[in-house]
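These notes are about the structure you will find just below.
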Amino acid sequence: MKRIRRAYQFLLKKHRRKTLFALAILLLAYWFCLPAPLFNDPTSMVLEDNNQNLLGARIAADEQWRFPQNDTVPTKFTKAIIEFEDRRFYSHPGFDLIGIGRAIKQNISNKKIVSGASTISMQVIRLARKGKSRNVLQKLIELIMATRLEIKYSKDEILAFYTSNAPFGGNVVGLDAASWRYYGKSPRDLSWSEAATLAVLPNSPALIHPGRNRNALKDKRNRLLDRLYESGQIDELTRDLAKEESLPQKPLPLPQLIPHLMDRAYLEHFRGQKDKRTRLATTIDRSLQVRVNNILARHSEILQENHIYNAACIVVEVETGNIIAYAGNVKSGALHHEQVDVIKAPRSTGSILKPFLYSMMLNEGAILPNSLVSDVPTRMHGYHPKNFNETYDGVVTAKKSVSRSLNVPLIRMLSDYGLEKFHFGLQELGFTTINKPPGHYGLPLVLGGAEAKLEDITNAYACMARTLNHFYEHNGKYDFKDFRPLNYALHKKQSASPINKLQDEPILLSAAAIYQTFEAMQEVERPNSQGEWQHFDSGKPIAWKTGTSFGFRDAWAVGLTPKYTVGVWVGNADGEGRPGLIGVHAAAPILFDVFERLDHSEWFDQPYDEMIRVPVCAQSGYRALAYCEVDSTWIYKNGVHAEACRYHQRIHLDQSMQFQVSSQCVSPSEMVHESRFVLPPLEAFYFKSKNPNYKPLPPFRKDCNPQLSATERPMQMIYPKHKARIYVPVDLDGHLSRTVFKMAHRDPGVKAFWHLDNEYIGTTEDFHDLELQPSIGKHLLTIVDERGNRLERSFEIYGKN
């Protein structure tokens, strides 16, 4: 007592200020003794699905498999590690006096150190203070710092620090990495045997070495299972079954289900970031991702027989815009560029953009679904488009132009609509790679004259589906947020606009235009092996579109339902074209296989609230006039301004109804008046070959020969066009090659007499085409039929003499 009294007198009486200052310094040192942050080691980049399942991981910068901090410790592992390492973890202040006493007694009786009495809190400090020697002084420092740790963090947080940073053998650090490396599963799915095995490893990490220490590891695990049974945490049957489970062998490879999204996530979320968050929860559905990968792999085996080595697929949830499956490529080897993420790569679009033009024209009222569009040989501004099967229908409905993916009608539609408007509309829809002026692309823009990303294409269709889904939900109003980029980060929420921010008019496309576009896409037709049009039935209500780029370099397929949108690309990443690389044959089968794995959904509701039922011409599909046979159809309200029927005429016939007449030769009272569906000669020439019921105009009676309009003239030149310049190559014999000239006549069986530069050269009947060999220079072709109708066409031949 005297010594205590003297110390008190010395410290608090004589040197009170110094003592208090020293105590303050010690208190500050104690308060700030913990490292900040507690752990600063590099961590593995980890990608998880929408249910915390591992999709893939990359080793940390220090070559350790160390997953980012996980604040949740599974119940089984929690019980196992506390039973093994620190039974009084939840009751001590950072150090365990009972444990210290027991350790001193054990070490004295064994005459060596067999127990360190470290609590989990003290072990966390030791892990954080890497490289410190293990002696009594360091143990005392750890004890002091452990008490500070207990003040700053909760018990669950301290346990999470330990499980995320404890060594588990080799280059495996932390429970998450150990669970996947040794058992190939999430920590929350560990069995009691697996949890007990991992719980004993941080104490002796070398026991995991395959081929060594198997019995020692098994004995440790079993003793822990016995302790869990004795403490009442598991029953006897659970313990006995757990003991029968085998130990892990060599470490397993980590899942690499989504390598291209791993690369993308690194660039977009982690590269250059100073914080240590290297875990990203994604919107990916792991089970669907596995199925999509398997589908691509199976189809790729077949495609590779034709030297087609790459394929990609993306699946989007329409309502959220979340990507739920992302396969950027298939495994084909570095030689075939398997590392390329095709989902982000700009590729030639082929016909995949055609429905957007159709939808824009419907939205503006520039066309109606069944309006006829010319489908004949066409040349515009030096551009000569052809249909894929190189045949023509004369005229075809706008809807069938889309469902059959006809090139010539779509080019004519784009010319009527306006290249600049279509170009602007695509940019508004989110096509980021269509960034050059409209003139750079020209009319081929709708046929594949531009490049687009699979992601942008799929998203544009998904946004259209979302707009249509929300039409009735928003009481006929529109939300500008319906058109937005895709998302793969789980916690990035996309909220809808408040009701007062909704707009009365469409942002980009109306729900009615979208609905009628999807209806056309649901009725896809393609030519079969005999050249006949065949309707494709997917078995489910799916709107879908395929595309094939020039040179057979890219095959596309995009499909959608009210719930999902799927995009598929097939080809070679290096741009090599292959015969048979066609959207409907290479990409569409993958598309339908993916939809088979998705939930079924009903079809879209028709947006009647912004549609009206109007009379239309039953034959031409345009707004009906007095001469038309009338039908009715639902159209978007803007369609009331669409063009009226241009193909029905009021004709005047004689009493025999075999000839047309005029007031110059017949009294109006003696005429028979009739309404007739009349196509221009060129359109009629191709149309009647596939529509035998088409009735051409009767000829005029010989004593009646009025001035005819362009549409009434019975002859029309197919080739060459007016003032055409024709390059003719030289044959092997040194002479110019022959050129085929072709003319269409409204009346079958009529003879036509051909003249070149006013010299007669031949006669044709029924099929009016003639093979000629004009010399180099300018020429005049004149054709006169047996009724005196005359057609002239000037042209120029150039080539080598």
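Here's how to read the names in the structure tokens: chain A, B, ... by the order shown, residue numbers from 1 in each chain, ligand numbers from 1 in the order shown.
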
Problem set entry | Polymer residues at most 10 Å from Phe168 in chain A, only C-alpha atoms, same-chain spacing of 6 or more positions, as a PyMOL selection string | chain A and resi 174-175+177-179+182+198-208

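Residues of range 29-111 of chain A that DSSP, applied to the backbone, places in helix (DSSP H, G or I): Ala29, Tyr30, Trp31, Thr75, Lys76, Phe77, Thr78, Lys79, Ala80, Ile81, Ile82, Glu83, Phe84, Glu85, Leu97, Ile98, Gly99, Ile100, Gly101, Arg102, Ala103, Ile104, Lys105, Gln106, Asn107, Ile108, Ser109 and Asn110 of chain A.
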
Please produce a file of the residues just selected, as a PDB file, in the first residue's frame, where the atoms kept are N, CA and C atoms.
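Full text of selection.pdb as output:
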ATOM      1  N   ALA A  29      -2.995   7.184 -28.732  1.00  0.00           N
ATOM      2  CA  ALA A  29      -2.322   6.082 -29.426  1.00  0.00           C
ATOM      3  C   ALA A  29      -3.221   4.853 -29.475  1.00  0.00           C
ATOM      4  N   TYR A  30      -3.891   4.602 -28.341  1.00  0.00           N
ATOM      5  CA  TYR A  30      -4.807   3.466 -28.298  1.00  0.00           C
ATOM      6  C   TYR A  30      -5.978   3.672 -29.257  1.00  0.00           C
ATOM      7  N   TRP A  31      -6.518   4.893 -29.250  1.00  0.00           N
ATOM      8  CA  TRP A  31      -7.700   5.167 -30.059  1.00  0.00           C
ATOM      9  C   TRP A  31      -7.417   5.049 -31.561  1.00  0.00           C
ATOM     10  N   THR A  75     -24.324 -19.360 -41.700  1.00  0.00           N
ATOM     11  CA  THR A  75     -24.575 -19.863 -40.340  1.00  0.00           C
ATOM     12  C   THR A  75     -23.714 -21.082 -40.006  1.00  0.00           C
ATOM     13  N   LYS A  76     -23.624 -22.042 -40.908  1.00  0.00           N
ATOM     14  CA  LYS A  76     -22.870 -23.263 -40.619  1.00  0.00           C
ATOM     15  C   LYS A  76     -21.403 -22.961 -40.359  1.00  0.00           C
ATOM     16  N   PHE A  77     -20.825 -22.102 -41.212  1.00  0.00           N
ATOM     17  CA  PHE A  77     -19.411 -21.782 -41.018  1.00  0.00           C
ATOM     18  C   PHE A  77     -19.224 -20.964 -39.742  1.00  0.00           C
ATOM     19  N   THR A  78     -20.166 -20.083 -39.436  1.00  0.00           N
ATOM     20  CA  THR A  78     -20.076 -19.291 -38.202  1.00  0.00           C
ATOM     21  C   THR A  78     -20.005 -20.199 -36.979  1.00  0.00           C
ATOM     22  N   LYS A  79     -20.904 -21.165 -36.915  1.00  0.00           N
ATOM     23  CA  LYS A  79     -20.907 -22.080 -35.766  1.00  0.00           C
ATOM     24  C   LYS A  79     -19.633 -22.918 -35.720  1.00  0.00           C
ATOM     25  N   ALA A  80     -19.174 -23.365 -36.909  1.00  0.00           N
ATOM     26  CA  ALA A  80     -17.985 -24.217 -36.953  1.00  0.00           C
ATOM     27  C   ALA A  80     -16.734 -23.451 -36.541  1.00  0.00           C
ATOM     28  N   ILE A  81     -16.547 -22.236 -37.049  1.00  0.00           N
ATOM     29  CA  ILE A  81     -15.324 -21.494 -36.763  1.00  0.00           C
ATOM     30  C   ILE A  81     -15.292 -21.024 -35.314  1.00  0.00           C
ATOM     31  N   ILE A  82     -16.435 -20.654 -34.749  1.00  0.00           N
ATOM     32  CA  ILE A  82     -16.471 -20.226 -33.341  1.00  0.00           C
ATOM     33  C   ILE A  82     -16.211 -21.417 -32.422  1.00  0.00           C
ATOM     34  N   GLU A  83     -16.781 -22.560 -32.750  1.00  0.00           N
ATOM     35  CA  GLU A  83     -16.538 -23.749 -31.941  1.00  0.00           C
ATOM     36  C   GLU A  83     -15.076 -24.161 -31.990  1.00  0.00           C
ATOM     37  N   PHE A  84     -14.454 -23.979 -33.142  1.00  0.00           N
ATOM     38  CA  PHE A  84     -13.068 -24.416 -33.290  1.00  0.00           C
ATOM     39  C   PHE A  84     -12.077 -23.391 -32.762  1.00  0.00           C
ATOM     40  N   GLU A  85     -12.311 -22.131 -33.006  1.00  0.00           N
ATOM     41  CA  GLU A  85     -11.310 -21.104 -32.723  1.00  0.00           C
ATOM     42  C   GLU A  85     -11.576 -20.317 -31.433  1.00  0.00           C
ATOM     43  N   LEU A  97      -9.646 -14.407 -20.961  1.00  0.00           N
ATOM     44  CA  LEU A  97      -8.804 -14.719 -19.800  1.00  0.00           C
ATOM     45  C   LEU A  97      -8.788 -16.210 -19.510  1.00  0.00           C
ATOM     46  N   ILE A  98      -9.927 -16.860 -19.687  1.00  0.00           N
ATOM     47  CA  ILE A  98      -9.970 -18.303 -19.455  1.00  0.00           C
ATOM     48  C   ILE A  98      -9.074 -19.018 -20.455  1.00  0.00           C
ATOM     49  N   GLY A  99      -9.146 -18.562 -21.685  1.00  0.00           N
ATOM     50  CA  GLY A  99      -8.314 -19.169 -22.720  1.00  0.00           C
ATOM     51  C   GLY A  99      -6.837 -18.909 -22.480  1.00  0.00           C
ATOM     52  N   ILE A 100      -6.508 -17.719 -21.983  1.00  0.00           N
ATOM     53  CA  ILE A 100      -5.105 -17.393 -21.705  1.00  0.00           C
ATOM     54  C   ILE A 100      -4.576 -18.291 -20.594  1.00  0.00           C
ATOM     55  N   GLY A 101      -5.411 -18.456 -19.535  1.00  0.00           N
ATOM     56  CA  GLY A 101      -4.994 -19.329 -18.429  1.00  0.00           C
ATOM     57  C   GLY A 101      -4.799 -20.761 -18.898  1.00  0.00           C
ATOM     58  N   ARG A 102      -5.723 -21.232 -19.725  1.00  0.00           N
ATOM     59  CA  ARG A 102      -5.601 -22.598 -20.230  1.00  0.00           C
ATOM     60  C   ARG A 102      -4.348 -22.751 -21.091  1.00  0.00           C
ATOM     61  N   ALA A 103      -4.047 -21.743 -21.894  1.00  0.00           N
ATOM     62  CA  ALA A 103      -2.875 -21.816 -22.762  1.00  0.00           C
ATOM     63  C   ALA A 103      -1.597 -21.831 -21.942  1.00  0.00           C
ATOM     64  N   ILE A 104      -1.518 -21.012 -20.879  1.00  0.00           N
ATOM     65  CA  ILE A 104      -0.317 -21.000 -20.025  1.00  0.00           C
ATOM     66  C   ILE A 104      -0.104 -22.376 -19.400  1.00  0.00           C
ATOM     67  N   LYS A 105      -1.197 -22.946 -18.904  1.00  0.00           N
ATOM     68  CA  LYS A 105      -1.106 -24.263 -18.274  1.00  0.00           C
ATOM     69  C   LYS A 105      -0.644 -25.318 -19.274  1.00  0.00           C
ATOM     70  N   GLN A 106      -1.219 -25.293 -20.516  1.00  0.00           N
ATOM     71  CA  GLN A 106      -0.836 -26.281 -21.532  1.00  0.00           C
ATOM     72  C   GLN A 106       0.620 -26.107 -21.960  1.00  0.00           C
ATOM     73  N   ASN A 107       1.049 -24.881 -22.105  1.00  0.00           N
ATOM     74  CA  ASN A 107       2.420 -24.640 -22.568  1.00  0.00           C
ATOM     75  C   ASN A 107       3.437 -25.068 -21.504  1.00  0.00           C
ATOM     76  N   ILE A 108       3.092 -24.829 -20.213  1.00  0.00           N
ATOM     77  CA  ILE A 108       4.018 -25.234 -19.141  1.00  0.00           C
ATOM     78  C   ILE A 108       4.095 -26.754 -19.061  1.00  0.00           C
ATOM     79  N   SER A 109       2.940 -27.414 -19.135  1.00  0.00           N
ATOM     80  CA  SER A 109       2.934 -28.877 -19.000  1.00  0.00           C
ATOM     81  C   SER A 109       3.593 -29.557 -20.187  1.00  0.00           C
ATOM     82  N   ASN A 110       3.535 -28.950 -21.338  1.00  0.00           N
ATOM     83  CA  ASN A 110       4.155 -29.541 -22.533  1.00  0.00           C
ATOM     84  C   ASN A 110       5.572 -29.022 -22.777  1.00  0.00           C
TER      85      ASN A 110
END

Which residues of range 163-216 of chain A come within 8 Å of range 245-254 of chain A, and what is each one's closest atom pair and distance in Å (one decimal), counting only C-alpha atoms, sorted by chain and residue number, as a tab-separated table?
residue	atom	partner	partner_atom	distance
A:Trp180	CA	A:Leu254	CA	6.5
A:Arg181	CA	A:Leu252	CA	4.9
A:Tyr182	CA	A:Pro251	CA	5.1
A:Tyr183	CA	A:Pro248	CA	6.7
A:Gly184	CA	A:Leu252	CA	6.6
A:Ser193	CA	A:Glu245	CA	6.6
A:Thr197	CA	A:Leu247	CA	7.8
A:Ile208	CA	A:Pro248	CA	8.0
A:His209	CA	A:Lys250	CA	7.6
A:Pro210	CA	A:Lys250	CA	5.6
A:Arg214	CA	A:Leu247	CA	7.8

Exercise. If you run DSSP on this backbone, which residues of range 399-577 of chain A come out as strand (DSSP E), and could you give them as a list in words?
Worked result: Glu451, Ala452, Glu525, Arg526, Pro527, Trp533, Gln534, His535, Ala543, Trp544, Lys545, Thr546, Gly547, Thr548, Asp554, Ala555, Trp556, Ala557, Val558, Gly559, Leu560, Tyr564, Thr565, Val566, Gly567, Val568, Trp569, Val570 and Gly571 of chain A

Go ahead and dump the residues you just picked, N, CA and C atoms, as a PDB file, in the first residue's frame.
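After the write, result06.pdb holds the following:
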ATOM      1  N   GLU A 451     -23.035   0.143 -89.969  1.00  0.00           N
ATOM      2  CA  GLU A 451     -22.655  -0.840 -88.962  1.00  0.00           C
ATOM      3  C   GLU A 451     -23.360  -0.517 -87.648  1.00  0.00           C
ATOM      4  N   ALA A 452     -23.743  -1.558 -86.932  1.00  0.00           N
ATOM      5  CA  ALA A 452     -24.398  -1.381 -85.634  1.00  0.00           C
ATOM      6  C   ALA A 452     -23.951  -2.495 -84.703  1.00  0.00           C
ATOM      7  N   GLU A 525     -41.851 -14.494 -93.481  1.00  0.00           N
ATOM      8  CA  GLU A 525     -41.833 -15.441 -94.591  1.00  0.00           C
ATOM      9  C   GLU A 525     -40.447 -15.432 -95.228  1.00  0.00           C
ATOM     10  N   ARG A 526     -40.009 -16.605 -95.660  1.00  0.00           N
ATOM     11  CA  ARG A 526     -38.740 -16.724 -96.365  1.00  0.00           C
ATOM     12  C   ARG A 526     -38.907 -17.723 -97.507  1.00  0.00           C
ATOM     13  N   PRO A 527     -38.158 -17.572 -98.603  1.00  0.00           N
ATOM     14  CA  PRO A 527     -38.275 -18.532 -99.700  1.00  0.00           C
ATOM     15  C   PRO A 527     -37.707 -19.885 -99.304  1.00  0.00           C
ATOM     16  N   TRP A 533     -42.596 -18.870-101.258  1.00  0.00           N
ATOM     17  CA  TRP A 533     -42.605 -18.214 -99.950  1.00  0.00           C
ATOM     18  C   TRP A 533     -43.217 -19.150 -98.909  1.00  0.00           C
ATOM     19  N   GLN A 534     -42.523 -19.274 -97.805  1.00  0.00           N
ATOM     20  CA  GLN A 534     -42.928 -20.182 -96.738  1.00  0.00           C
ATOM     21  C   GLN A 534     -43.041 -19.411 -95.438  1.00  0.00           C
ATOM     22  N   HIS A 535     -44.176 -19.607 -94.736  1.00  0.00           N
ATOM     23  CA  HIS A 535     -44.371 -18.928 -93.451  1.00  0.00           C
ATOM     24  C   HIS A 535     -43.654 -19.700 -92.356  1.00  0.00           C
ATOM     25  N   ALA A 543     -42.233 -11.902 -82.256  1.00  0.00           N
ATOM     26  CA  ALA A 543     -41.891 -11.011 -83.359  1.00  0.00           C
ATOM     27  C   ALA A 543     -40.394 -11.137 -83.592  1.00  0.00           C
ATOM     28  N   TRP A 544     -40.008 -11.425 -84.827  1.00  0.00           N
ATOM     29  CA  TRP A 544     -38.580 -11.657 -85.065  1.00  0.00           C
ATOM     30  C   TRP A 544     -38.186 -11.179 -86.450  1.00  0.00           C
ATOM     31  N   LYS A 545     -36.907 -10.936 -86.587  1.00  0.00           N
ATOM     32  CA  LYS A 545     -36.348 -10.423 -87.845  1.00  0.00           C
ATOM     33  C   LYS A 545     -34.953 -10.968 -88.012  1.00  0.00           C
ATOM     34  N   THR A 546     -34.618 -11.317 -89.226  1.00  0.00           N
ATOM     35  CA  THR A 546     -33.255 -11.761 -89.522  1.00  0.00           C
ATOM     36  C   THR A 546     -32.587 -10.763 -90.454  1.00  0.00           C
ATOM     37  N   GLY A 547     -31.300 -10.907 -90.594  1.00  0.00           N
ATOM     38  CA  GLY A 547     -30.537 -10.050 -91.498  1.00  0.00           C
ATOM     39  C   GLY A 547     -29.283 -10.764 -91.960  1.00  0.00           C
ATOM     40  N   THR A 548     -28.868 -10.446 -93.161  1.00  0.00           N
ATOM     41  CA  THR A 548     -27.641 -11.018 -93.727  1.00  0.00           C
ATOM     42  C   THR A 548     -26.882  -9.897 -94.413  1.00  0.00           C
ATOM     43  N   ASP A 554     -22.169 -11.496 -92.054  1.00  0.00           N
ATOM     44  CA  ASP A 554     -22.871 -11.371 -90.777  1.00  0.00           C
ATOM     45  C   ASP A 554     -24.268 -11.952 -90.912  1.00  0.00           C
ATOM     46  N   ALA A 555     -24.632 -12.799 -89.973  1.00  0.00           N
ATOM     47  CA  ALA A 555     -25.999 -13.323 -89.903  1.00  0.00           C
ATOM     48  C   ALA A 555     -26.620 -12.864 -88.591  1.00  0.00           C
ATOM     49  N   TRP A 556     -27.788 -12.238 -88.682  1.00  0.00           N
ATOM     50  CA  TRP A 556     -28.452 -11.661 -87.519  1.00  0.00           C
ATOM     51  C   TRP A 556     -29.804 -12.318 -87.292  1.00  0.00           C
ATOM     52  N   ALA A 557     -30.239 -12.317 -86.052  1.00  0.00           N
ATOM     53  CA  ALA A 557     -31.623 -12.663 -85.713  1.00  0.00           C
ATOM     54  C   ALA A 557     -31.965 -11.955 -84.407  1.00  0.00           C
ATOM     55  N   VAL A 558     -33.084 -11.252 -84.414  1.00  0.00           N
ATOM     56  CA  VAL A 558     -33.579 -10.582 -83.208  1.00  0.00           C
ATOM     57  C   VAL A 558     -35.041 -10.957 -83.044  1.00  0.00           C
ATOM     58  N   GLY A 559     -35.417 -11.331 -81.833  1.00  0.00           N
ATOM     59  CA  GLY A 559     -36.809 -11.687 -81.560  1.00  0.00           C
ATOM     60  C   GLY A 559     -37.262 -11.100 -80.239  1.00  0.00           C
ATOM     61  N   LEU A 560     -38.568 -10.946 -80.088  1.00  0.00           N
ATOM     62  CA  LEU A 560     -39.072 -10.349 -78.847  1.00  0.00           C
ATOM     63  C   LEU A 560     -40.461 -10.849 -78.532  1.00  0.00           C
ATOM     64  N   TYR A 564     -39.347 -10.572 -73.056  1.00  0.00           N
ATOM     65  CA  TYR A 564     -37.921 -10.719 -73.358  1.00  0.00           C
ATOM     66  C   TYR A 564     -37.609 -10.278 -74.780  1.00  0.00           C
ATOM     67  N   THR A 565     -36.376  -9.823 -74.950  1.00  0.00           N
ATOM     68  CA  THR A 565     -35.823  -9.565 -76.281  1.00  0.00           C
ATOM     69  C   THR A 565     -34.499 -10.314 -76.385  1.00  0.00           C
ATOM     70  N   VAL A 566     -34.316 -11.023 -77.487  1.00  0.00           N
ATOM     71  CA  VAL A 566     -33.116 -11.831 -77.695  1.00  0.00           C
ATOM     72  C   VAL A 566     -32.451 -11.389 -78.995  1.00  0.00           C
ATOM     73  N   GLY A 567     -31.147 -11.166 -78.950  1.00  0.00           N
ATOM     74  CA  GLY A 567     -30.381 -10.819 -80.135  1.00  0.00           C
ATOM     75  C   GLY A 567     -29.291 -11.845 -80.369  1.00  0.00           C
ATOM     76  N   VAL A 568     -29.111 -12.250 -81.625  1.00  0.00           N
ATOM     77  CA  VAL A 568     -28.111 -13.266 -81.986  1.00  0.00           C
ATOM     78  C   VAL A 568     -27.318 -12.776 -83.193  1.00  0.00           C
ATOM     79  N   TRP A 569     -26.022 -12.985 -83.137  1.00  0.00           N
ATOM     80  CA  TRP A 569     -25.156 -12.722 -84.294  1.00  0.00           C
ATOM     81  C   TRP A 569     -24.300 -13.952 -84.536  1.00  0.00           C
ATOM     82  N   VAL A 570     -24.099 -14.281 -85.817  1.00  0.00           N
ATOM     83  CA  VAL A 570     -23.243 -15.407 -86.198  1.00  0.00           C
ATOM     84  C   VAL A 570     -22.362 -14.956 -87.355  1.00  0.00           C
ATOM     85  N   GLY A 571     -21.100 -15.346 -87.337  1.00  0.00           N
ATOM     86  CA  GLY A 571     -20.187 -14.996 -88.424  1.00  0.00           C
ATOM     87  C   GLY A 571     -18.760 -15.258 -88.013  1.00  0.00           C
TER      88      GLY A 571
END

For this session: Please identify all polymer residues within 12 Å of Ile343 in chain A, counting only C-alpha atoms, omitting same-chain residues fewer than 4 positions from it, and present them as a PyMOL selection string.
Result: chain A and resi 260-261+264+310-315+323+325-330+339+347+452-459+556+566-570+573

Problem set entry | Long-range neighbours of Lys354 in chain A as a ChimeraX atom specification, 7 Å cut-off, only C-alpha atoms, 3 positions minimum in chain | /A:351,357-358,402,446

Dump of C-alpha atoms for the selected residues, as a PDB file, in the first residue's frame:
ATOM      1  CA  SER A 351     -31.787  -6.234 -93.218  1.00  0.00           C
ATOM      2  CA  LEU A 357     -38.254   2.249 -91.267  1.00  0.00           C
ATOM      3  CA  TYR A 358     -41.668   0.579 -91.475  1.00  0.00           C
ATOM      4  CA  VAL A 402     -41.041  -6.437 -93.963  1.00  0.00           C
ATOM      5  CA  VAL A 446     -31.735   0.248 -94.691  1.00  0.00           C
TER       6      VAL A 446
END

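Separating CA of Asp593 in chain A from CA of Val342 in chain A is a distance of 19.6 Å.
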
For this session: Might you pull out every residue within 10 Å of range 720-734 of chain A, with only C-alpha atoms counted and same-chain residues fewer than 6 positions away left off, and present them as an MDAnalysis selection string?
Result: chainID A and resid 378:379 382 740:743 773:781 792:801

For this session: Give the answer as one residue: which of A:Arg221, A:Leu280, A:Pro681, A:Gly583 has the shortest atom-to-atom distance to Asn51 in chain A, using only C-alpha atoms?
Result: A:Leu280

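Reported to one decimal place, the separation of CA of Ser497 in chain A from CA of Asp482 in chain A is 9.1 Å.
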
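The gap separating CA of Ser359 in chain A from CA of Ile635 in chain A is 12.0 Å, in Å to one decimal.
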